$ cat structure-v6.cif   # mmCIF, C-alpha atoms
data_query
#
loop_
_atom_site.group_PDB
_atom_site.id
_atom_site.type_symbol
_atom_site.label_atom_id
_atom_site.label_comp_id
_atom_site.auth_asym_id
_atom_site.auth_seq_id
_atom_site.Cartn_x
_atom_site.Cartn_y
_atom_site.Cartn_z
ATOM 1 C CA MET A 8 0.000 0.000 0.000
ATOM 2 C CA ARG A 9 1.475 3.294 -1.050
ATOM 3 C CA ILE A 10 -0.053 6.720 -1.402
ATOM 4 C CA ALA A 11 0.561 8.141 -4.882
ATOM 5 C CA GLU A 12 3.396 10.658 -5.196
ATOM 6 C CA GLY A 13 0.797 12.968 -6.695
ATOM 7 C CA VAL A 14 -0.626 13.556 -3.215
ATOM 8 C CA GLU A 15 2.682 15.019 -2.022
ATOM 9 C CA TRP A 16 2.913 17.132 -5.189
ATOM 10 C CA ALA A 17 -0.650 18.378 -4.906
ATOM 11 C CA ILE A 18 -0.341 19.413 -1.252
ATOM 12 C CA HIS A 19 2.915 21.289 -1.876
ATOM 13 C CA LEU A 20 1.428 23.077 -4.873
ATOM 14 C CA CYS A 21 -1.802 23.975 -3.092
ATOM 15 C CA ALA A 22 0.403 25.657 -0.471
ATOM 16 C CA VAL A 23 2.063 27.640 -3.273
ATOM 17 C CA LEU A 24 -1.298 28.546 -4.828
ATOM 18 C CA GLY A 25 -2.384 29.728 -1.390
ATOM 19 C CA VAL A 26 -0.125 32.786 -1.662
ATOM 20 C CA VAL A 27 -1.354 33.800 -5.142
ATOM 21 C CA SER A 28 -3.370 36.938 -4.621
ATOM 22 C CA GLU A 29 -6.973 37.495 -5.710
ATOM 23 C CA GLY A 30 -7.507 37.692 -9.464
ATOM 24 C CA HIS A 31 -4.186 36.040 -10.352
ATOM 25 C CA THR A 32 -3.229 32.524 -11.386
ATOM 26 C CA LEU A 33 -0.245 30.218 -11.892
ATOM 27 C CA SER A 34 0.041 28.170 -15.072
ATOM 28 C CA ALA A 35 0.454 24.387 -15.036
ATOM 29 C CA GLY A 36 3.939 24.912 -16.474
ATOM 30 C CA ARG A 37 5.060 27.243 -13.682
ATOM 31 C CA LEU A 38 3.558 24.939 -11.055
ATOM 32 C CA ALA A 39 5.530 22.011 -12.510
ATOM 33 C CA GLU A 40 8.658 24.171 -12.570
ATOM 34 C CA PHE A 41 8.324 25.108 -8.894
ATOM 35 C CA HIS A 42 9.336 21.648 -7.639
ATOM 36 C CA ASP A 43 10.797 20.394 -10.909
ATOM 37 C CA LEU A 44 7.939 17.945 -11.495
ATOM 38 C CA PRO A 45 7.073 16.133 -14.750
ATOM 39 C CA PRO A 46 4.466 18.416 -16.425
ATOM 40 C CA ASP A 47 2.447 15.593 -18.004
ATOM 41 C CA TYR A 48 1.892 13.703 -14.762
ATOM 42 C CA LEU A 49 1.236 16.915 -12.887
ATOM 43 C CA ALA A 50 -1.412 17.980 -15.425
ATOM 44 C CA LYS A 51 -3.385 14.837 -14.606
ATOM 45 C CA HIS A 52 -3.294 15.653 -10.900
ATOM 46 C CA LEU A 53 -4.290 19.290 -11.486
ATOM 47 C CA GLN A 54 -7.324 17.996 -13.366
ATOM 48 C CA SER A 55 -8.204 15.812 -10.379
ATOM 49 C CA LEU A 56 -7.895 18.813 -8.027
ATOM 50 C CA SER A 57 -10.084 20.812 -10.372
ATOM 51 C CA ARG A 58 -12.752 18.095 -10.551
ATOM 52 C CA ALA A 59 -12.771 17.950 -6.740
ATOM 53 C CA GLY A 60 -13.383 21.712 -6.503
ATOM 54 C CA ILE A 61 -10.037 22.397 -4.812
ATOM 55 C CA VAL A 62 -8.568 24.514 -7.620
ATOM 56 C CA THR A 63 -10.197 26.419 -10.441
ATOM 57 C CA ALA A 64 -8.702 26.535 -13.903
ATOM 58 C CA SER A 65 -9.177 29.464 -16.234
ATOM 59 C CA ARG A 66 -8.242 29.590 -19.914
ATOM 60 C CA GLY A 67 -6.757 32.317 -22.062
ATOM 61 C CA VAL A 68 -3.639 34.500 -21.915
ATOM 62 C CA SER A 69 -3.907 35.167 -18.198
ATOM 63 C CA GLY A 70 -5.343 31.707 -17.557
ATOM 64 C CA GLY A 71 -4.039 29.222 -15.047
ATOM 65 C CA TYR A 72 -4.804 27.746 -11.667
ATOM 66 C CA ARG A 73 -5.807 29.189 -8.341
ATOM 67 C CA LEU A 74 -7.335 27.763 -5.181
ATOM 68 C CA ALA A 75 -11.103 27.472 -5.360
ATOM 69 C CA LYS A 76 -11.451 27.979 -1.588
ATOM 70 C CA ARG A 77 -9.546 29.571 1.248
ATOM 71 C CA PRO A 78 -6.422 27.664 2.284
ATOM 72 C CA ARG A 79 -7.921 27.035 5.727
ATOM 73 C CA SER A 80 -10.943 25.385 4.105
ATOM 74 C CA ILE A 81 -8.912 22.792 2.204
ATOM 75 C CA THR A 82 -7.709 19.831 4.249
ATOM 76 C CA LEU A 83 -5.014 17.282 3.517
ATOM 77 C CA LEU A 84 -7.816 14.719 3.398
ATOM 78 C CA ASP A 85 -9.618 16.681 0.642
ATOM 79 C CA ILE A 86 -6.456 16.682 -1.465
ATOM 80 C CA THR A 87 -5.650 13.029 -0.763
ATOM 81 C CA LEU A 88 -9.136 11.863 -1.773
ATOM 82 C CA ALA A 89 -9.066 14.097 -4.865
ATOM 83 C CA ILE A 90 -5.889 12.382 -6.080
ATOM 84 C CA GLU A 91 -6.418 8.847 -4.748
ATOM 85 C CA GLY A 92 -10.175 8.621 -5.191
ATOM 86 C CA PRO A 93 -12.783 8.338 -2.459
ATOM 87 C CA GLU A 94 -12.625 4.580 -1.816
ATOM 88 C CA PRO A 95 -11.169 3.325 1.479
ATOM 89 C CA ALA A 96 -7.804 1.544 1.411
ATOM 90 C CA PHE A 97 -9.264 -1.786 2.510
ATOM 91 C CA ARG A 98 -11.786 -3.196 0.048
ATOM 92 C CA CYS A 99 -13.535 -6.294 1.311
ATOM 93 C CA THR A 100 -13.999 -8.895 -1.423
ATOM 94 C CA GLU A 101 -16.266 -11.072 0.757
ATOM 95 C CA ILE A 102 -14.169 -14.214 0.483
ATOM 96 C CA ARG A 103 -16.139 -15.547 3.442
ATOM 97 C CA GLN A 104 -18.874 -16.302 0.871
ATOM 98 C CA GLN A 105 -16.502 -18.571 -1.073
ATOM 99 C CA GLY A 106 -15.434 -22.175 -0.506
ATOM 100 C CA PRO A 107 -16.803 -25.323 1.162
ATOM 101 C CA CYS A 108 -17.794 -23.525 4.392
ATOM 102 C CA ALA A 109 -19.052 -20.354 2.733
ATOM 103 C CA ALA A 110 -21.225 -18.139 4.876
ATOM 104 C CA THR A 111 -24.562 -17.482 3.210
ATOM 105 C CA ALA A 112 -25.468 -14.073 1.824
ATOM 106 C CA ALA A 113 -28.150 -13.831 4.515
ATOM 107 C CA VAL A 114 -25.598 -14.322 7.288
ATOM 108 C CA CYS A 115 -23.358 -11.787 5.559
ATOM 109 C CA LYS A 116 -25.818 -8.913 5.808
ATOM 110 C CA GLN A 117 -23.619 -7.646 8.611
ATOM 111 C CA ARG A 118 -20.261 -6.290 7.495
ATOM 112 C CA CYS A 119 -17.401 -8.733 8.062
ATOM 113 C CA ALA A 120 -15.518 -8.057 11.309
ATOM 114 C CA ILE A 121 -12.273 -7.664 9.349
ATOM 115 C CA ALA A 122 -13.787 -4.974 7.119
ATOM 116 C CA GLN A 123 -15.218 -3.315 10.234
ATOM 117 C CA ALA A 124 -11.824 -3.176 11.916
ATOM 118 C CA PHE A 125 -10.274 -1.588 8.822
ATOM 119 C CA MET A 126 -13.149 0.891 8.639
ATOM 120 C CA VAL A 127 -12.404 2.020 12.203
ATOM 121 C CA ALA A 128 -8.722 2.439 11.284
ATOM 122 C CA GLU A 129 -9.592 4.318 8.079
ATOM 123 C CA THR A 130 -11.871 6.659 10.034
ATOM 124 C CA GLN A 131 -9.021 7.485 12.420
ATOM 125 C CA TRP A 132 -6.673 8.068 9.502
ATOM 126 C CA ARG A 133 -9.112 10.349 7.714
ATOM 127 C CA LYS A 134 -9.887 12.275 10.897
ATOM 128 C CA ALA A 135 -6.174 13.032 11.381
ATOM 129 C CA LEU A 136 -5.783 14.289 7.799
ATOM 130 C CA ALA A 137 -9.013 16.287 7.978
ATOM 131 C CA ALA A 138 -7.553 18.187 10.943
ATOM 132 C CA VAL A 139 -4.699 19.675 8.889
ATOM 133 C CA THR A 140 -5.265 22.380 6.269
ATOM 134 C CA VAL A 141 -3.383 24.003 3.422
ATOM 135 C CA ALA A 142 -3.179 27.114 5.644
ATOM 136 C CA ASP A 143 -1.232 25.041 8.219
ATOM 137 C CA MET A 144 1.155 23.895 5.488
ATOM 138 C CA MET A 145 1.637 27.495 4.290
ATOM 139 C CA ARG A 146 2.502 28.627 7.815
ATOM 140 C CA THR A 147 5.035 25.849 8.238
ATOM 141 C CA ALA A 148 6.564 26.424 4.814
ATOM 142 C CA ALA A 149 6.942 30.118 5.587
ATOM 143 C CA SER A 150 8.414 29.653 9.037
ATOM 144 C CA GLU A 151 10.509 26.517 8.696
ATOM 145 C CA SER A 152 11.371 25.632 5.154
ATOM 146 C CA PHE A 153 12.665 28.977 4.018
ATOM 147 C CA ASP A 154 15.314 31.189 5.519
ATOM 148 C CA LYS A 155 15.327 34.905 4.684
ATOM 149 C CA SER A 156 17.251 34.689 1.407
ATOM 150 C CA ARG A 157 15.081 31.806 0.169
ATOM 151 C CA ARG A 158 11.984 33.806 1.012
ATOM 152 C CA ARG A 159 13.238 36.571 -1.310
ATOM 153 C CA ILE A 160 13.982 34.021 -4.057
ATOM 154 C CA PHE A 161 10.434 32.704 -3.623
ATOM 155 C CA ARG A 162 8.904 36.192 -3.803
ATOM 156 C CA ASP A 163 10.885 36.975 -6.967
ATOM 157 C CA TRP A 164 9.857 33.670 -8.554
ATOM 158 C CA LEU A 165 6.227 34.286 -7.660
ATOM 159 C CA ASN A 166 6.228 37.850 -9.029
ATOM 160 C CA ASP A 167 7.609 36.527 -12.290
ATOM 161 C CA ALA A 168 5.291 33.518 -12.462
ATOM 162 C CA VAL A 169 1.833 34.867 -11.579
ATOM 163 C CA LYS A 170 -0.481 36.024 -14.286
ATOM 164 C CA MET B 10 -4.044 3.527 -2.474
ATOM 165 C CA ARG B 11 -5.369 0.066 -1.945
ATOM 166 C CA ILE B 12 -4.486 -2.591 0.586
ATOM 167 C CA ALA B 13 -3.557 -5.857 -1.142
ATOM 168 C CA GLU B 14 -6.270 -8.518 -1.249
ATOM 169 C CA GLY B 15 -3.702 -10.789 0.396
ATOM 170 C CA VAL B 16 -4.283 -8.956 3.683
ATOM 171 C CA GLU B 17 -7.953 -9.990 3.702
ATOM 172 C CA TRP B 18 -6.986 -13.563 2.770
ATOM 173 C CA ALA B 19 -4.276 -13.776 5.409
ATOM 174 C CA ILE B 20 -6.493 -12.521 8.242
ATOM 175 C CA HIS B 21 -9.306 -14.924 7.344
ATOM 176 C CA LEU B 22 -6.890 -17.846 7.162
ATOM 177 C CA CYS B 23 -5.145 -16.960 10.420
ATOM 178 C CA ALA B 24 -8.593 -17.135 12.038
ATOM 179 C CA VAL B 25 -9.005 -20.637 10.558
ATOM 180 C CA LEU B 26 -5.519 -21.679 11.715
ATOM 181 C CA GLY B 27 -6.461 -20.430 15.164
ATOM 182 C CA VAL B 28 -8.794 -23.395 15.672
ATOM 183 C CA VAL B 29 -6.241 -26.027 14.604
ATOM 184 C CA SER B 30 -5.310 -27.877 17.778
ATOM 185 C CA GLU B 31 -1.794 -28.333 19.138
ATOM 186 C CA GLY B 32 0.465 -30.587 17.086
ATOM 187 C CA HIS B 33 -1.658 -30.347 13.929
ATOM 188 C CA THR B 34 -1.364 -28.322 10.726
ATOM 189 C CA LEU B 35 -3.254 -27.304 7.603
ATOM 190 C CA SER B 36 -1.608 -27.595 4.195
ATOM 191 C CA ALA B 37 -1.322 -24.645 1.810
ATOM 192 C CA GLY B 38 -3.698 -26.504 -0.522
ATOM 193 C CA ARG B 39 -6.420 -26.914 2.110
ATOM 194 C CA LEU B 40 -6.022 -23.291 3.194
ATOM 195 C CA ALA B 41 -6.491 -22.174 -0.424
ATOM 196 C CA GLU B 42 -9.525 -24.446 -0.721
ATOM 197 C CA PHE B 43 -11.177 -22.978 2.381
ATOM 198 C CA HIS B 44 -12.050 -19.683 0.685
ATOM 199 C CA ASP B 45 -11.508 -20.841 -2.894
ATOM 200 C CA LEU B 46 -8.338 -18.753 -3.318
ATOM 201 C CA PRO B 47 -5.699 -19.069 -6.068
ATOM 202 C CA PRO B 48 -3.059 -21.408 -4.542
ATOM 203 C CA ASP B 49 -0.052 -19.749 -6.218
ATOM 204 C CA TYR B 50 -0.847 -16.256 -4.964
ATOM 205 C CA LEU B 51 -1.753 -17.588 -1.543
ATOM 206 C CA ALA B 52 1.570 -19.461 -1.269
ATOM 207 C CA LYS B 53 3.412 -16.162 -1.599
ATOM 208 C CA HIS B 54 1.376 -14.656 1.234
ATOM 209 C CA LEU B 55 1.873 -17.701 3.456
ATOM 210 C CA GLN B 56 5.617 -17.268 2.974
ATOM 211 C CA SER B 57 5.301 -13.626 4.057
ATOM 212 C CA LEU B 58 3.376 -14.682 7.183
ATOM 213 C CA SER B 59 6.045 -17.277 7.912
ATOM 214 C CA ARG B 60 8.886 -14.770 7.509
ATOM 215 C CA ALA B 61 7.078 -12.418 9.900
ATOM 216 C CA GLY B 62 6.828 -15.161 12.549
ATOM 217 C CA ILE B 63 3.030 -15.287 12.398
ATOM 218 C CA VAL B 64 2.766 -18.860 11.112
ATOM 219 C CA THR B 65 5.217 -21.743 11.185
ATOM 220 C CA ALA B 66 5.590 -24.102 8.268
ATOM 221 C CA SER B 67 6.623 -27.719 8.700
ATOM 222 C CA ARG B 68 7.589 -30.107 5.927
ATOM 223 C CA GLY B 69 6.914 -33.798 5.399
ATOM 224 C CA VAL B 70 3.802 -35.987 5.255
ATOM 225 C CA SER B 71 2.072 -34.291 8.178
ATOM 226 C CA GLY B 72 3.600 -30.931 7.287
ATOM 227 C CA GLY B 73 1.684 -27.721 6.826
ATOM 228 C CA TYR B 74 0.950 -24.423 8.521
ATOM 229 C CA ARG B 75 -0.049 -23.470 12.016
ATOM 230 C CA LEU B 76 -0.031 -20.211 13.977
ATOM 231 C CA ALA B 77 3.331 -19.443 15.536
ATOM 232 C CA LYS B 78 1.699 -17.586 18.450
ATOM 233 C CA ARG B 79 -1.584 -17.520 20.303
ATOM 234 C CA PRO B 80 -4.433 -15.929 18.331
ATOM 235 C CA ARG B 81 -4.728 -13.168 20.935
ATOM 236 C CA SER B 82 -1.048 -12.294 20.389
ATOM 237 C CA ILE B 83 -1.420 -11.697 16.643
ATOM 238 C CA THR B 84 -2.937 -8.362 15.665
ATOM 239 C CA LEU B 85 -4.458 -7.229 12.384
ATOM 240 C CA LEU B 86 -1.554 -4.787 12.168
ATOM 241 C CA ASP B 87 0.996 -7.643 12.408
ATOM 242 C CA ILE B 88 -0.677 -9.425 9.501
ATOM 243 C CA THR B 89 -1.085 -6.242 7.429
ATOM 244 C CA LEU B 90 2.591 -5.312 7.787
ATOM 245 C CA ALA B 91 3.651 -8.908 7.057
ATOM 246 C CA ILE B 92 1.808 -8.804 3.719
ATOM 247 C CA GLU B 93 2.222 -5.136 2.782
ATOM 248 C CA GLY B 94 5.704 -4.568 4.179
ATOM 249 C CA PRO B 95 6.649 -2.279 7.071
ATOM 250 C CA GLU B 96 6.831 1.049 5.192
ATOM 251 C CA PRO B 97 4.224 3.717 5.898
ATOM 252 C CA ALA B 98 1.674 4.495 3.168
ATOM 253 C CA PHE B 99 2.964 8.045 2.645
ATOM 254 C CA ARG B 100 6.566 8.164 1.455
ATOM 255 C CA CYS B 101 7.971 11.662 1.303
ATOM 256 C CA THR B 102 10.172 12.193 -1.747
ATOM 257 C CA GLU B 103 11.421 15.590 -0.504
ATOM 258 C CA ILE B 104 10.285 17.553 -3.545
ATOM 259 C CA ARG B 105 10.757 20.690 -1.446
ATOM 260 C CA GLN B 106 14.473 20.259 -2.232
ATOM 261 C CA GLN B 107 13.778 20.512 -5.974
ATOM 262 C CA GLY B 108 13.208 23.517 -8.212
ATOM 263 C CA PRO B 109 14.116 27.217 -8.305
ATOM 264 C CA CYS B 110 13.091 27.872 -4.680
ATOM 265 C CA ALA B 111 14.427 24.600 -3.310
ATOM 266 C CA ALA B 112 14.870 24.488 0.435
ATOM 267 C CA THR B 113 18.433 23.575 1.363
ATOM 268 C CA ALA B 114 19.292 20.216 2.895
ATOM 269 C CA ALA B 115 20.227 22.061 6.106
ATOM 270 C CA VAL B 116 16.768 23.615 6.368
ATOM 271 C CA CYS B 117 15.274 20.195 5.632
ATOM 272 C CA LYS B 118 16.773 18.465 8.652
ATOM 273 C CA GLN B 119 13.314 18.719 10.149
ATOM 274 C CA ARG B 120 10.747 16.414 8.602
ATOM 275 C CA CYS B 121 8.431 18.187 6.159
ATOM 276 C CA ALA B 122 5.116 19.223 7.743
ATOM 277 C CA ILE B 123 3.230 17.210 5.125
ATOM 278 C CA ALA B 124 5.148 14.042 5.971
ATOM 279 C CA GLN B 125 4.579 14.783 9.666
ATOM 280 C CA ALA B 126 0.818 15.070 9.184
ATOM 281 C CA PHE B 127 0.724 11.748 7.345
ATOM 282 C CA MET B 128 2.849 10.156 10.069
ATOM 283 C CA VAL B 129 0.275 11.225 12.681
ATOM 284 C CA ALA B 130 -2.503 9.721 10.533
ATOM 285 C CA GLU B 131 -0.518 6.502 9.984
ATOM 286 C CA THR B 132 0.062 6.179 13.731
ATOM 287 C CA GLN B 133 -3.689 6.438 14.364
ATOM 288 C CA TRP B 134 -4.360 3.857 11.664
ATOM 289 C CA ARG B 135 -1.803 1.430 13.037
ATOM 290 C CA LYS B 136 -3.028 1.889 16.608
ATOM 291 C CA ALA B 137 -6.567 0.934 15.563
ATOM 292 C CA LEU B 138 -5.376 -2.222 13.775
ATOM 293 C CA ALA B 139 -3.031 -3.152 16.629
ATOM 294 C CA ALA B 140 -6.049 -3.183 18.968
ATOM 295 C CA VAL B 141 -7.751 -6.054 17.112
ATOM 296 C CA THR B 142 -6.460 -9.622 17.258
ATOM 297 C CA VAL B 143 -6.964 -12.902 15.439
ATOM 298 C CA ALA B 144 -8.751 -14.107 18.596
ATOM 299 C CA ASP B 145 -11.309 -11.294 18.117
ATOM 300 C CA MET B 146 -11.827 -12.392 14.504
ATOM 301 C CA MET B 147 -12.285 -16.026 15.590
ATOM 302 C CA ARG B 148 -14.937 -15.013 18.119
ATOM 303 C CA THR B 149 -16.836 -12.991 15.545
ATOM 304 C CA ALA B 150 -16.586 -15.721 12.917
ATOM 305 C CA ALA B 151 -17.930 -18.258 15.396
ATOM 306 C CA SER B 152 -20.778 -16.095 16.634
ATOM 307 C CA GLU B 153 -21.884 -14.181 13.561
ATOM 308 C CA SER B 154 -20.744 -15.710 10.315
ATOM 309 C CA PHE B 155 -21.891 -19.247 10.907
ATOM 310 C CA ASP B 156 -25.289 -20.575 11.841
ATOM 311 C CA LYS B 157 -25.531 -24.020 13.482
ATOM 312 C CA SER B 158 -25.536 -26.077 10.291
ATOM 313 C CA ARG B 159 -22.574 -24.165 8.888
ATOM 314 C CA ARG B 160 -20.685 -24.735 12.109
ATOM 315 C CA ARG B 161 -21.086 -28.473 11.589
ATOM 316 C CA ILE B 162 -19.935 -28.193 7.958
ATOM 317 C CA PHE B 163 -16.881 -26.281 9.211
ATOM 318 C CA ARG B 164 -16.090 -28.890 11.873
ATOM 319 C CA ASP B 165 -16.362 -31.701 9.304
ATOM 320 C CA TRP B 166 -14.151 -29.838 6.849
ATOM 321 C CA LEU B 167 -11.574 -29.171 9.565
ATOM 322 C CA ASN B 168 -11.524 -32.801 10.759
ATOM 323 C CA ASP B 169 -10.907 -33.906 7.195
ATOM 324 C CA ALA B 170 -8.308 -31.224 6.453
ATOM 325 C CA VAL B 171 -6.012 -31.178 9.497
ATOM 326 C CA LYS B 172 -2.914 -33.286 9.545
#

$ encode --input "structure-v6.cif" --output "structure tokens"
Amino acid sequence: MRIAEGVEWAIHLCAVLGVVSEGHTLSAGRLAEFHDLPPDYLAKHLQSLSRAGIVTASRGVSGGYRLAKRPRSITLLDITLAIEGPEPAFRCTEIRQQGPCAATAAVCKQRCAIAQAFMVAETQWRKALAAVTVADMMRTAASESFDKSRRRIFRDWLNDAVK
Amino acid sequence: MRIAEGVEWAIHLCAVLGVVSEGHTLSAGRLAEFHDLPPDYLAKHLQSLSRAGIVTASRGVSGGYRLAKRPRSITLLDITLAIEGPEPAFRCTEIRQQGPCAATAAVCKQRCAIAQAFMVAETQWRKALAAVTVADMMRTAASESFDKSRRRIFRDWLNDAVK
């Protein structure tokens, strides 16, 4: 079980989009450039974010991407489900209904105890990711990941990149 | 992100192995038969369970598999990690160190806030699965999944299958 790399990419880039001011956008190309990501793969993930209502895409000369909501209203869970899809990690295939001692469909109206246990775990996992927002990531990026000179480099890059 | 089907198989079959009495075993073939599973794929998972010290395999005429520990000492987390491997679902690839505004390695001595958030979620997930044991699954299987007649079918199958 591995979470797609695209989740890491999407969260980082949502944090970048969070500082783009009202009325401006960043193109898919500039977003790919920011962390040196493969543009084709990234485009697919940007489409997923768009479909999930996390970013909005506009066309034309000044077209590009921006967040569709406030950074504090987008959680890490929203982004993860947008990229990975909404299904839980454990998908019960009801093997208890197979074989010489198969439980009948009637008996199996209740969810299998194994699936139940994984559902409890999934709920905990989702709750933890739903408690962290893009705004939190922006704060950490600003305070921890960049020293003063990097912050200037970032501002210069952003000024050049926004449309 | 999807948990391998082998996890579901392995948990179900550990619950079956839990009722095999001292000194007896079940062969890989009979285990595959129990839930009508593909023997080749199952063999690979049984090897993983054996490597993780969850089952023991013995060779020879009366050879086969049995649990290496008491059912209450084997958790759903143990089995999941045996099949899926020990790595967490989110694997940070440090993309913050790539691109025109890359954070320096020195700045990145602290784990990225995104990776931290996923680590918190993973810990919650693992804690939930570590709280449920094969003994719990055996109790539920006995009480819920089988009516009286099925319980007899199971006992007959087991008497025929154990070595």

$ closest_residue --input "structure-v6.cif" --among "B:Tyr74, B:Trp134, B:Trp166, B:Tyr50" --to "chain A" --atoms "all atoms listed in the file"
B:Trp134

$ resolve_selection --input "structure-v6.cif" --expression "the PyMOL selection byres ((chain A) within 8 of (chain B))" --output "PyMOL selection string"
chain A and resi 8-12+15-16+18-19+40-43+91+95-100+102-110+114-115+120-121+124-125+127-129+131-136+139+144+147-148+151-154+157+160-161+164

$ write_last_selection --input "structure-v6.cif" --atoms "C-alpha atoms" --output "compact mmCIF listing (two decimals), keeping the file's coordinate frame"
# COMPACT_ATOMS: atom_id res chain seq x y z
CA MET A 8 0.00 0.00 0.00
CA ARG A 9 1.48 3.29 -1.05
CA ILE A 10 -0.05 6.72 -1.40
CA ALA A 11 0.56 8.14 -4.88
CA GLU A 12 3.40 10.66 -5.20
CA GLU A 15 2.68 15.02 -2.02
CA TRP A 16 2.91 17.13 -5.19
CA ILE A 18 -0.34 19.41 -1.25
CA HIS A 19 2.92 21.29 -1.88
CA GLU A 40 8.66 24.17 -12.57
CA PHE A 41 8.32 25.11 -8.89
CA HIS A 42 9.34 21.65 -7.64
CA ASP A 43 10.80 20.39 -10.91
CA GLU A 91 -6.42 8.85 -4.75
CA PRO A 95 -11.17 3.32 1.48
CA ALA A 96 -7.80 1.54 1.41
CA PHE A 97 -9.26 -1.79 2.51
CA ARG A 98 -11.79 -3.20 0.05
CA CYS A 99 -13.54 -6.29 1.31
CA THR A 100 -14.00 -8.90 -1.42
CA ILE A 102 -14.17 -14.21 0.48
CA ARG A 103 -16.14 -15.55 3.44
CA GLN A 104 -18.87 -16.30 0.87
CA GLN A 105 -16.50 -18.57 -1.07
CA GLY A 106 -15.43 -22.18 -0.51
CA PRO A 107 -16.80 -25.32 1.16
CA CYS A 108 -17.79 -23.52 4.39
CA ALA A 109 -19.05 -20.35 2.73
CA ALA A 110 -21.22 -18.14 4.88
CA VAL A 114 -25.60 -14.32 7.29
CA CYS A 115 -23.36 -11.79 5.56
CA ALA A 120 -15.52 -8.06 11.31
CA ILE A 121 -12.27 -7.66 9.35
CA ALA A 124 -11.82 -3.18 11.92
CA PHE A 125 -10.27 -1.59 8.82
CA VAL A 127 -12.40 2.02 12.20
CA ALA A 128 -8.72 2.44 11.28
CA GLU A 129 -9.59 4.32 8.08
CA GLN A 131 -9.02 7.48 12.42
CA TRP A 132 -6.67 8.07 9.50
CA ARG A 133 -9.11 10.35 7.71
CA LYS A 134 -9.89 12.28 10.90
CA ALA A 135 -6.17 13.03 11.38
CA LEU A 136 -5.78 14.29 7.80
CA VAL A 139 -4.70 19.68 8.89
CA MET A 144 1.16 23.90 5.49
CA THR A 147 5.04 25.85 8.24
CA ALA A 148 6.56 26.42 4.81
CA GLU A 151 10.51 26.52 8.70
CA SER A 152 11.37 25.63 5.15
CA PHE A 153 12.66 28.98 4.02
CA ASP A 154 15.31 31.19 5.52
CA ARG A 157 15.08 31.81 0.17
CA ILE A 160 13.98 34.02 -4.06
CA PHE A 161 10.43 32.70 -3.62
CA TRP A 164 9.86 33.67 -8.55

$ residues_around --input "structure-v6.cif" --residues "Pro46 of chain A" --least-positions-apart "6" --cutoff "10 Å" --atoms "only C-alpha atoms" --output "VMD selection string"
chain A and resid 35 to 40 52

$ atom_distance --input "structure-v6.cif" --atom1 "atom CA of Asn166 of chain A" --atom2 "atom CA of Gly67 of chain A"
19.2 Å

$ resolve_selection --input "structure-v6.cif" --expression "the PyMOL selection byres ((chain B and resi 34) around 8)" --output "compact mmCIF listing (two decimals) with C-alpha atoms, in the frame of the given file"
# COMPACT_ATOMS: atom_id res chain seq x y z
CA LEU B 26 -5.52 -21.68 11.72
CA VAL B 29 -6.24 -26.03 14.60
CA GLY B 32 0.46 -30.59 17.09
CA HIS B 33 -1.66 -30.35 13.93
CA LEU B 35 -3.25 -27.30 7.60
CA SER B 36 -1.61 -27.60 4.20
CA SER B 71 2.07 -34.29 8.18
CA GLY B 72 3.60 -30.93 7.29
CA GLY B 73 1.68 -27.72 6.83
CA TYR B 74 0.95 -24.42 8.52
CA ARG B 75 -0.05 -23.47 12.02
CA VAL B 171 -6.01 -31.18 9.50
CA LYS B 172 -2.91 -33.29 9.54

$ atom_distance --input "structure-v6.cif" --atom1 "atom CA of Ala91 of chain B" --atom2 "atom CA of Gly13 of chain A"
26.0 Å

$ axis_aligned_box --input "structure-v6.cif" --around "segment 76-93 of chain A" --padding-each-side "6 Å" --output "AutoDock Vina command-line options"
--center_x -8.9 --center_y 19.0 --center_z -0.2 --size_x 19.8 --size_y 33.2 --size_z 23.8

$ atom_distance --input "structure-v6.cif" --atom1 "atom CA of Ser67 of chain B" --atom2 "atom CA of Ile88 of chain B"
19.7 Å

$ decode --input "structure-v6.cif" --residues "segment 95-102 of chain A" --atoms "N, CA and C atoms" --output "mmCIF file, in the first residue's frame"
data_model
loop_
_atom_site.group_PDB
_atom_site.id
_atom_site.type_symbol
_atom_site.label_atom_id
_atom_site.label_comp_id
_atom_site.auth_asym_id
_atom_site.auth_seq_id
_atom_site.Cartn_x
_atom_site.Cartn_y
_atom_site.Cartn_z
ATOM 1 N N PRO A 95 -12.088 3.628 0.379
ATOM 2 C CA PRO A 95 -11.169 3.325 1.479
ATOM 3 C C PRO A 95 -10.059 2.378 1.027
ATOM 4 N N ALA A 96 -8.970 2.354 1.787
ATOM 5 C CA ALA A 96 -7.804 1.544 1.411
ATOM 6 C C ALA A 96 -8.108 0.048 1.447
ATOM 7 N N PHE A 97 -8.912 -0.365 2.419
ATOM 8 C CA PHE A 97 -9.264 -1.786 2.510
ATOM 9 C C PHE A 97 -10.578 -2.014 1.784
ATOM 10 N N ARG A 98 -10.547 -2.901 0.784
ATOM 11 C CA ARG A 98 -11.786 -3.196 0.048
ATOM 12 C C ARG A 98 -12.113 -4.670 0.201
ATOM 13 N N CYS A 99 -13.126 -4.930 0.986
ATOM 14 C CA CYS A 99 -13.535 -6.294 1.311
ATOM 15 C C CYS A 99 -14.052 -6.989 0.050
ATOM 16 N N THR A 100 -13.515 -8.166 -0.240
ATOM 17 C CA THR A 100 -13.999 -8.895 -1.423
ATOM 18 C C THR A 100 -14.903 -10.068 -1.017
ATOM 19 N N GLU A 101 -15.289 -10.077 0.259
ATOM 20 C CA GLU A 101 -16.266 -11.072 0.757
ATOM 21 C C GLU A 101 -15.849 -12.506 0.466
ATOM 22 N N ILE A 102 -14.598 -12.822 0.723
ATOM 23 C CA ILE A 102 -14.169 -14.214 0.483
ATOM 24 C C ILE A 102 -14.842 -15.182 1.447
#
